[in-house]
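**Q** Next comes the structure file coords_26.pdb, holding PDB, C-alpha atoms, pLDDT in the B column.
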ATOM      1  CA  MET A  16     -85.266 133.554 -29.417  1.00 30.00           C
ATOM      2  CA  PRO A  17     -83.412 136.733 -28.408  1.00 31.00           C
ATOM      3  CA  ASP A  18     -82.819 139.419 -31.019  1.00 33.00           C
ATOM      4  CA  LEU A  19     -79.511 138.533 -32.681  1.00 33.00           C
ATOM      5  CA  SER A  20     -79.979 140.731 -35.736  1.00 33.00           C
ATOM      6  CA  ILE A  21     -77.298 143.326 -35.010  1.00 31.00           C
ATOM      7  CA  LEU A  22     -74.058 142.748 -36.900  1.00 33.00           C
ATOM      8  CA  PRO A  23     -71.204 142.558 -36.172  1.00 37.00           C
ATOM      9  CA  GLY A  24     -71.403 140.326 -33.181  1.00 40.00           C
ATOM     10  CA  CYS A  25     -73.037 140.096 -29.822  1.00 47.00           C
ATOM     11  CA  ALA A  26     -72.416 138.148 -26.640  1.00 65.00           C
ATOM     12  CA  LEU A  27     -71.795 134.433 -26.889  1.00 72.00           C
ATOM     13  CA  PRO A  28     -74.946 132.547 -25.882  1.00 77.00           C
ATOM     14  CA  THR A  29     -75.154 131.048 -22.420  1.00 84.00           C
ATOM     15  CA  ALA A  30     -75.371 127.318 -21.794  1.00 85.00           C
ATOM     16  CA  ALA A  31     -78.995 127.728 -20.749  1.00 87.00           C
ATOM     17  CA  GLU A  32     -79.825 129.537 -23.988  1.00 84.00           C
ATOM     18  CA  LEU A  33     -78.092 126.913 -26.116  1.00 83.00           C
ATOM     19  CA  ASP A  34     -79.872 124.058 -24.344  1.00 84.00           C
ATOM     20  CA  ALA A  35     -83.225 125.806 -24.747  1.00 84.00           C
ATOM     21  CA  TRP A  36     -82.708 126.577 -28.418  1.00 77.00           C
ATOM     22  CA  TYR A  37     -81.576 123.011 -29.032  1.00 80.00           C
ATOM     23  CA  GLY A  38     -84.645 121.609 -27.297  1.00 83.00           C
ATOM     24  CA  GLU A  39     -86.908 123.852 -29.355  1.00 78.00           C
ATOM     25  CA  GLY A  40     -85.310 122.673 -32.597  1.00 79.00           C
ATOM     26  CA  HIS A  41     -83.973 126.037 -33.682  1.00 79.00           C
ATOM     27  CA  TYR A  42     -80.909 124.514 -35.330  1.00 82.00           C
ATOM     28  CA  ALA A  43     -82.556 121.476 -36.911  1.00 85.00           C
ATOM     29  CA  TYR A  44     -81.980 122.853 -40.412  1.00 86.00           C
ATOM     30  CA  LEU A  45     -78.236 122.370 -39.871  1.00 89.00           C
ATOM     31  CA  ASP A  46     -78.887 118.619 -39.784  1.00 92.00           C
ATOM     32  CA  SER A  47     -80.678 118.620 -43.133  1.00 90.00           C
ATOM     33  CA  PRO A  48     -79.238 116.875 -46.193  1.00 91.00           C
ATOM     34  CA  GLN A  49     -79.011 120.281 -47.864  1.00 90.00           C
ATOM     35  CA  ALA A  50     -76.632 121.545 -45.160  1.00 92.00           C
ATOM     36  CA  MET A  51     -74.170 118.677 -45.525  1.00 96.00           C
ATOM     37  CA  SER A  52     -72.227 120.468 -48.268  1.00 95.00           C
ATOM     38  CA  LEU A  53     -71.017 122.899 -45.600  1.00 96.00           C
ATOM     39  CA  TYR A  54     -69.525 120.146 -43.468  1.00 97.00           C
ATOM     40  CA  LYS A  55     -68.111 118.230 -46.411  1.00 98.00           C
ATOM     41  CA  THR A  56     -66.242 121.387 -47.428  1.00 98.00           C
ATOM     42  CA  VAL A  57     -64.812 121.684 -43.902  1.00 98.00           C
ATOM     43  CA  ALA A  58     -63.738 118.036 -43.866  1.00 98.00           C
ATOM     44  CA  ASN A  59     -62.170 118.351 -47.298  1.00 98.00           C
ATOM     45  CA  ALA A  60     -59.988 121.198 -46.006  1.00 98.00           C
ATOM     46  CA  ALA A  61     -58.599 118.920 -43.291  1.00 98.00           C
ATOM     47  CA  LEU A  62     -57.906 116.213 -45.841  1.00 98.00           C
ATOM     48  CA  ARG A  63     -56.314 118.515 -48.434  1.00 97.00           C
ATOM     49  CA  PHE A  64     -53.994 120.128 -45.915  1.00 97.00           C
ATOM     50  CA  GLY A  65     -53.125 116.802 -44.311  1.00 97.00           C
ATOM     51  CA  CYS A  66     -54.406 117.761 -40.879  1.00 98.00           C
ATOM     52  CA  ARG A  67     -54.543 114.799 -38.513  1.00 97.00           C
ATOM     53  CA  THR A  68     -55.757 116.614 -35.378  1.00 98.00           C
ATOM     54  CA  VAL A  69     -58.902 118.766 -35.449  1.00 98.00           C
ATOM     55  CA  LEU A  70     -60.501 121.025 -32.845  1.00 98.00           C
ATOM     56  CA  ASP A  71     -64.175 121.785 -33.539  1.00 98.00           C
ATOM     57  CA  VAL A  72     -65.275 124.877 -31.567  1.00 97.00           C
ATOM     58  CA  GLY A  73     -69.044 125.057 -31.099  1.00 93.00           C
ATOM     59  CA  CYS A  74     -69.258 121.541 -32.468  1.00 95.00           C
ATOM     60  CA  TYR A  75     -73.067 121.066 -32.293  1.00 94.00           C
ATOM     61  CA  HIS A  76     -73.459 117.663 -34.033  1.00 96.00           C
ATOM     62  CA  ALA A  77     -69.848 117.481 -35.292  1.00 98.00           C
ATOM     63  CA  HIS A  78     -70.971 116.869 -38.862  1.00 98.00           C
ATOM     64  CA  PRO A  79     -67.499 117.351 -40.437  1.00 98.00           C
ATOM     65  CA  LEU A  80     -66.475 114.102 -38.753  1.00 98.00           C
ATOM     66  CA  ARG A  81     -69.008 112.276 -40.926  1.00 97.00           C
ATOM     67  CA  PHE A  82     -66.872 113.157 -43.963  1.00 98.00           C
ATOM     68  CA  LEU A  83     -63.509 112.258 -42.410  1.00 98.00           C
ATOM     69  CA  PRO A  84     -63.025 108.528 -43.070  1.00 97.00           C
ATOM     70  CA  PRO A  85     -61.759 106.360 -40.201  1.00 95.00           C
ATOM     71  CA  GLY A  86     -57.984 106.430 -40.258  1.00 96.00           C
ATOM     72  CA  SER A  87     -57.784 109.816 -41.977  1.00 97.00           C
ATOM     73  CA  ILE A  88     -57.279 111.662 -38.672  1.00 97.00           C
ATOM     74  CA  GLU A  89     -55.740 110.832 -35.313  1.00 98.00           C
ATOM     75  CA  ALA A  90     -57.942 112.989 -33.094  1.00 98.00           C
ATOM     76  CA  TYR A  91     -61.120 115.036 -33.384  1.00 98.00           C
ATOM     77  CA  LEU A  92     -62.097 117.080 -30.329  1.00 98.00           C
ATOM     78  CA  GLY A  93     -65.437 118.852 -30.287  1.00 98.00           C
ATOM     79  CA  ILE A  94     -66.249 121.412 -27.595  1.00 97.00           C
ATOM     80  CA  ASP A  95     -69.570 123.023 -26.848  1.00 94.00           C
ATOM     81  CA  LEU A  96     -71.757 124.319 -24.037  1.00 91.00           C
ATOM     82  CA  CYS A  97     -74.855 122.536 -25.299  1.00 92.00           C
ATOM     83  CA  THR A  98     -75.214 119.415 -23.168  1.00 93.00           C
ATOM     84  CA  PRO A  99     -77.884 117.679 -25.306  1.00 93.00           C
ATOM     85  CA  ALA A 100     -75.796 118.113 -28.453  1.00 94.00           C
ATOM     86  CA  LEU A 101     -72.718 116.658 -26.770  1.00 96.00           C
ATOM     87  CA  ARG A 102     -74.742 113.720 -25.495  1.00 96.00           C
ATOM     88  CA  ARG A 103     -75.900 113.001 -29.035  1.00 96.00           C
ATOM     89  CA  ASP A 104     -72.352 113.320 -30.401  1.00 97.00           C
ATOM     90  CA  ARG A 105     -70.947 110.810 -27.928  1.00 98.00           C
ATOM     91  CA  ALA A 106     -73.626 108.312 -28.890  1.00 98.00           C
ATOM     92  CA  ALA A 107     -73.464 108.952 -32.640  1.00 97.00           C
ATOM     93  CA  TYR A 108     -69.675 108.617 -32.807  1.00 98.00           C
ATOM     94  CA  ALA A 109     -69.176 105.963 -30.144  1.00 97.00           C
ATOM     95  CA  ASN A 110     -67.402 103.770 -32.696  1.00 97.00           C
ATOM     96  CA  ARG A 111     -64.911 106.499 -33.656  1.00 97.00           C
ATOM     97  CA  ARG A 112     -62.089 106.054 -31.154  1.00 97.00           C
ATOM     98  CA  GLU A 113     -60.366 109.192 -32.378  1.00 98.00           C
ATOM     99  CA  ALA A 114     -63.395 111.341 -31.480  1.00 98.00           C
ATOM    100  CA  ASN A 115     -63.927 113.047 -28.145  1.00 98.00           C
ATOM    101  CA  PHE A 116     -66.493 115.615 -27.037  1.00 98.00           C
ATOM    102  CA  ARG A 117     -66.238 117.967 -24.087  1.00 97.00           C
ATOM    103  CA  TYR A 118     -68.381 120.459 -22.298  1.00 95.00           C
ATOM    104  CA  SER A 119     -66.265 123.600 -22.360  1.00 93.00           C
ATOM    105  CA  ASP A 120     -66.623 127.344 -22.491  1.00 88.00           C
ATOM    106  CA  TRP A 121     -65.347 128.657 -25.816  1.00 88.00           C
ATOM    107  CA  ASN A 122     -63.637 131.639 -24.191  1.00 88.00           C
ATOM    108  CA  SER A 123     -61.716 129.789 -21.488  1.00 90.00           C
ATOM    109  CA  PHE A 124     -60.704 126.686 -23.455  1.00 94.00           C
ATOM    110  CA  PRO A 125     -57.429 128.061 -24.894  1.00 94.00           C
ATOM    111  CA  SER A 126     -56.070 129.288 -21.555  1.00 91.00           C
ATOM    112  CA  GLN A 127     -56.967 126.011 -19.849  1.00 91.00           C
ATOM    113  CA  ASN A 128     -55.508 123.688 -22.502  1.00 92.00           C
ATOM    114  CA  LYS A 129     -52.233 125.221 -23.662  1.00 85.00           C
ATOM    115  CA  ASP A 130     -50.484 121.857 -23.459  1.00 87.00           C
ATOM    116  CA  ARG A 131     -52.472 120.604 -26.445  1.00 91.00           C
ATOM    117  CA  SER A 132     -52.026 121.199 -30.158  1.00 94.00           C
ATOM    118  CA  PHE A 133     -54.200 120.920 -33.245  1.00 97.00           C
ATOM    119  CA  CYS A 134     -53.329 121.051 -36.917  1.00 98.00           C
ATOM    120  CA  MET A 135     -56.752 122.492 -37.783  1.00 98.00           C
ATOM    121  CA  ILE A 136     -59.254 124.528 -35.785  1.00 98.00           C
ATOM    122  CA  TYR A 137     -62.808 124.793 -37.076  1.00 98.00           C
ATOM    123  CA  PHE A 138     -65.218 127.475 -35.874  1.00 97.00           C
ATOM    124  CA  GLY A 139     -68.770 126.631 -36.903  1.00 95.00           C
ATOM    125  CA  GLY A 140     -71.217 129.516 -36.523  1.00 90.00           C
ATOM    126  CA  VAL A 141     -69.178 131.124 -33.732  1.00 90.00           C
ATOM    127  CA  PHE A 142     -67.806 134.320 -35.268  1.00 92.00           C
ATOM    128  CA  TYR A 143     -71.198 135.908 -35.812  1.00 86.00           C
ATOM    129  CA  TYR A 144     -71.425 136.377 -32.043  1.00 84.00           C
ATOM    130  CA  LEU A 145     -67.995 137.982 -31.615  1.00 88.00           C
ATOM    131  CA  GLU A 146     -67.072 141.649 -31.520  1.00 85.00           C
ATOM    132  CA  ASN A 147     -63.255 141.391 -31.661  1.00 90.00           C
ATOM    133  CA  ARG A 148     -62.783 138.540 -34.076  1.00 93.00           C
ATOM    134  CA  VAL A 149     -59.055 138.911 -34.658  1.00 94.00           C
ATOM    135  CA  SER A 150     -58.299 138.919 -30.930  1.00 93.00           C
ATOM    136  CA  TYR A 151     -60.456 135.837 -30.459  1.00 93.00           C
ATOM    137  CA  ILE A 152     -58.813 133.822 -33.196  1.00 95.00           C
ATOM    138  CA  ASP A 153     -55.364 134.996 -32.040  1.00 95.00           C
ATOM    139  CA  GLY A 154     -56.015 133.447 -28.626  1.00 94.00           C
ATOM    140  CA  TYR A 155     -56.674 130.045 -30.186  1.00 96.00           C
ATOM    141  CA  ILE A 156     -53.747 130.274 -32.586  1.00 96.00           C
ATOM    142  CA  LYS A 157     -51.265 131.261 -29.871  1.00 94.00           C
ATOM    143  CA  ALA A 158     -52.492 128.436 -27.617  1.00 95.00           C
ATOM    144  CA  PHE A 159     -52.640 125.618 -30.184  1.00 96.00           C
ATOM    145  CA  SER A 160     -50.448 126.601 -33.180  1.00 95.00           C
ATOM    146  CA  PRO A 161     -52.790 125.268 -35.878  1.00 97.00           C
ATOM    147  CA  ARG A 162     -51.572 125.200 -39.451  1.00 97.00           C
ATOM    148  CA  ILE A 163     -55.017 126.157 -40.748  1.00 97.00           C
ATOM    149  CA  VAL A 164     -58.177 127.705 -39.335  1.00 98.00           C
ATOM    150  CA  VAL A 165     -61.551 127.097 -40.984  1.00 98.00           C
ATOM    151  CA  ILE A 166     -64.485 129.400 -40.281  1.00 98.00           C
ATOM    152  CA  GLN A 167     -68.062 128.652 -41.307  1.00 97.00           C
ATOM    153  CA  ASP A 168     -70.535 131.450 -40.675  1.00 95.00           C
ATOM    154  CA  LEU A 169     -73.285 133.612 -42.075  1.00 92.00           C
ATOM    155  CA  ALA A 170     -72.373 135.288 -45.331  1.00 94.00           C
ATOM    156  CA  ALA A 171     -73.391 138.539 -43.623  1.00 90.00           C
ATOM    157  CA  THR A 172     -70.671 138.152 -40.978  1.00 92.00           C
ATOM    158  CA  ASP A 173     -67.800 140.547 -41.702  1.00 94.00           C
ATOM    159  CA  LEU A 174     -64.585 138.525 -41.673  1.00 95.00           C
ATOM    160  CA  GLY A 175     -62.489 141.148 -43.417  1.00 95.00           C
ATOM    161  CA  ALA A 176     -60.217 141.836 -40.446  1.00 95.00           C
ATOM    162  CA  VAL A 177     -59.568 138.113 -40.023  1.00 95.00           C
ATOM    163  CA  THR A 178     -58.716 137.535 -43.678  1.00 95.00           C
ATOM    164  CA  SER A 179     -56.353 140.522 -43.548  1.00 95.00           C
ATOM    165  CA  ALA A 180     -54.572 139.188 -40.456  1.00 94.00           C
ATOM    166  CA  TYR A 181     -53.899 135.718 -41.877  1.00 95.00           C
ATOM    167  CA  ARG A 182     -53.282 134.250 -45.298  1.00 95.00           C
ATOM    168  CA  LEU A 183     -56.570 133.455 -47.021  1.00 97.00           C
ATOM    169  CA  ARG A 184     -56.202 130.149 -48.840  1.00 96.00           C
ATOM    170  CA  GLU A 185     -59.805 129.438 -49.808  1.00 96.00           C
ATOM    171  CA  ARG A 186     -63.212 131.092 -49.699  1.00 97.00           C
ATOM    172  CA  HIS A 187     -66.507 129.374 -50.463  1.00 97.00           C
ATOM    173  CA  TRP A 188     -69.972 130.898 -50.691  1.00 96.00           C
ATOM    174  CA  PHE A 189     -73.188 128.938 -50.228  1.00 95.00           C
ATOM    175  CA  ASP A 190     -76.794 129.775 -50.941  1.00 92.00           C
ATOM    176  CA  MET A 191     -78.433 126.890 -49.134  1.00 86.00           C
ATOM    177  CA  ASP A 192     -81.892 125.597 -49.899  1.00 83.00           C
ATOM    178  CA  PHE A 193     -82.630 124.092 -46.494  1.00 75.00           C
ATOM    179  CA  HIS A 194     -86.024 124.857 -45.031  1.00 73.00           C
ATOM    180  CA  VAL A 195     -86.156 127.333 -42.163  1.00 70.00           C
ATOM    181  CA  ASP A 196     -89.497 127.467 -40.401  1.00 65.00           C
ATOM    182  CA  ALA A 197     -90.398 131.071 -39.607  1.00 58.00           C
ATOM    183  CA  SER A 198     -91.632 129.948 -36.203  1.00 51.00           C
ATOM    184  CA  GLU A 199     -88.127 128.742 -35.319  1.00 52.00           C
ATOM    185  CA  TRP A 200     -86.488 132.149 -35.556  1.00 53.00           C
ATOM    186  CA  ASP A 201     -87.397 135.587 -34.293  1.00 51.00           C
ATOM    187  CA  ALA A 202     -84.161 137.417 -34.935  1.00 56.00           C
ATOM    188  CA  GLY A 203     -85.255 140.126 -37.340  1.00 57.00           C
ATOM    189  CA  TRP A 204     -83.816 138.196 -40.283  1.00 62.00           C
ATOM    190  CA  ASP A 205     -85.426 136.889 -43.403  1.00 67.00           C
ATOM    191  CA  ALA A 206     -84.724 133.294 -44.377  1.00 71.00           C
ATOM    192  CA  THR A 207     -82.076 134.418 -46.866  1.00 78.00           C
ATOM    193  CA  THR A 208     -79.810 135.627 -44.063  1.00 81.00           C
ATOM    194  CA  ILE A 209     -79.829 132.188 -42.469  1.00 82.00           C
ATOM    195  CA  ARG A 210     -79.378 130.324 -45.741  1.00 86.00           C
ATOM    196  CA  GLU A 211     -76.460 132.327 -47.128  1.00 91.00           C
ATOM    197  CA  ARG A 212     -73.176 131.008 -45.692  1.00 94.00           C
ATOM    198  CA  GLN A 213     -69.458 131.381 -46.168  1.00 97.00           C
ATOM    199  CA  ILE A 214     -66.469 129.191 -45.390  1.00 98.00           C
ATOM    200  CA  ILE A 215     -62.938 130.564 -45.290  1.00 98.00           C
ATOM    201  CA  VAL A 216     -59.696 128.642 -44.894  1.00 98.00           C
ATOM    202  CA  LEU A 217     -56.823 130.576 -43.329  1.00 97.00           C
ATOM    203  CA  GLU A 218     -53.184 129.578 -43.192  1.00 97.00           C
ATOM    204  CA  THR A 219     -51.556 130.711 -39.960  1.00 95.00           C
ATOM    205  CA  GLY A 220     -47.885 130.072 -40.640  1.00 88.00           C
ATOM    206  CA  MET A 221     -47.711 128.088 -37.409  1.00 76.00           C
ATOM    207  CA  SER A 222     -46.544 124.514 -36.979  1.00 58.00           C
ATOM    208  CA  ARG A 223     -46.322 122.207 -33.991  1.00 48.00           C
ATOM    209  CA  ALA A 224     -45.951 118.476 -33.602  1.00 43.00           C
ATOM    210  CA  PRO A 225     -49.286 116.839 -32.691  1.00 43.00           C
ATOM    211  CA  SER A 226     -49.919 115.889 -29.089  1.00 43.00           C
ATOM    212  CA  ALA A 227     -52.061 113.111 -27.683  1.00 39.00           C
ATOM    213  CA  LEU A 228     -55.647 114.252 -27.138  1.00 43.00           C
ATOM    214  CA  THR A 229     -57.940 112.857 -24.470  1.00 39.00           C
TER     215      THR A 229
END
With the file now loaded, output its structure as structure tokens.

**A**
Amino acid sequence: MPDLSILPGCALPTAAELDAWYGEGHYAYLDSPQAMSLYKTVANAALRFGCRTVLDVGCYHAHPLRFLPPGSIEAYLGIDLCTPALRRDRAAYANRREANFRYSDWNSFPSQNKDRSFCMIYFGGVFYYLENRVSYIDGYIKAFSPRIVVIQDLAATDLGAVTSAYRLRERHWFDMDFHVDASEWDAGWDATTIRERQIIVLETGMSRAPSALT
């Protein structure tokens, strides 16, 4: 693994890096039963705010969809650069007609899909990598007019500028007990850094009628 220990932010990983890390099992702990409380919290935000269209940026295994009952949403679009993860998602959720998964660069997606809209945008483990977090989230909000934005990241990630820019509706802290094998990570962190997480729910003040998603 490259050294990702410098906060705040660093370059978004390349597709080759993501595929390699996936193949080496570096993110397997995010599939553990202990980690499911993160994704249930994300799904509950969509349900509480009545969001019927969801964009999952950096979707990995799209676990929030597991906690969104069939019929509760109209469309769930997951985007990622990790081909093996997307392949698994398409197979795992083949019976969920409202679910779609695309290979897409996180930076270029808003400019290339301005005709679409989403009630909720979820960023899972993306903001750690970013330097200008407000500018990044602004690009997605201006393109898609979501009513809420949900961010799940390391507790160590400074989201102060983001919570100042938009109305903070909820904040959740997690001290996870999932197992992280020391051999899986060489990022200058101790296991506590990986286990401690935060989820914030932001209200954007935007509203747009949902569009069909394909």

**Q** Tell me which of A:Arg210, A:Arg63, A:Lys129, A:Arg81 sits closest to Tyr108 of chain A, counting all atoms listed in the file.

**A**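 Of A:Arg210, A:Arg63, A:Lys129, A:Arg81, the one nearest Tyr108 of chain A, counting all atoms listed in the file, is A:Arg81.
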
**Q** Could you check the closest approach to Cys66 of chain A for each of A:Asn110, A:Ser132, A:Ser47, A:Asn115 and tell me which residue wins, using only C-alpha atoms?

**A**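 Smallest separation from Cys66 of chain A among the options: A:Ser132.
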
**Q** Check what the PyMOL selection byres ((chain A and resi 89) around 6) selects in the file above and give those residues as a list in words.

**A** Arg67, Thr68, Ile88, Ala90 and Glu113 of chain A

**Q** Expand the PyMOL selection byres ((chain A and resi 190-196) around 12) into the individual residues it matches in the shown file, reporting them as a ChimeraX atom specification.

**A** /A:39-53,169-171,187-189,197-201,204-214

**Q** Carefully work through the PyMOL selection byres ((chain A and resi 165) around 8) for this structure and note down the residues it includes, as a ChimeraX atom specification.

**A** /A:57,60,135-138,163-164,166-167,214-217
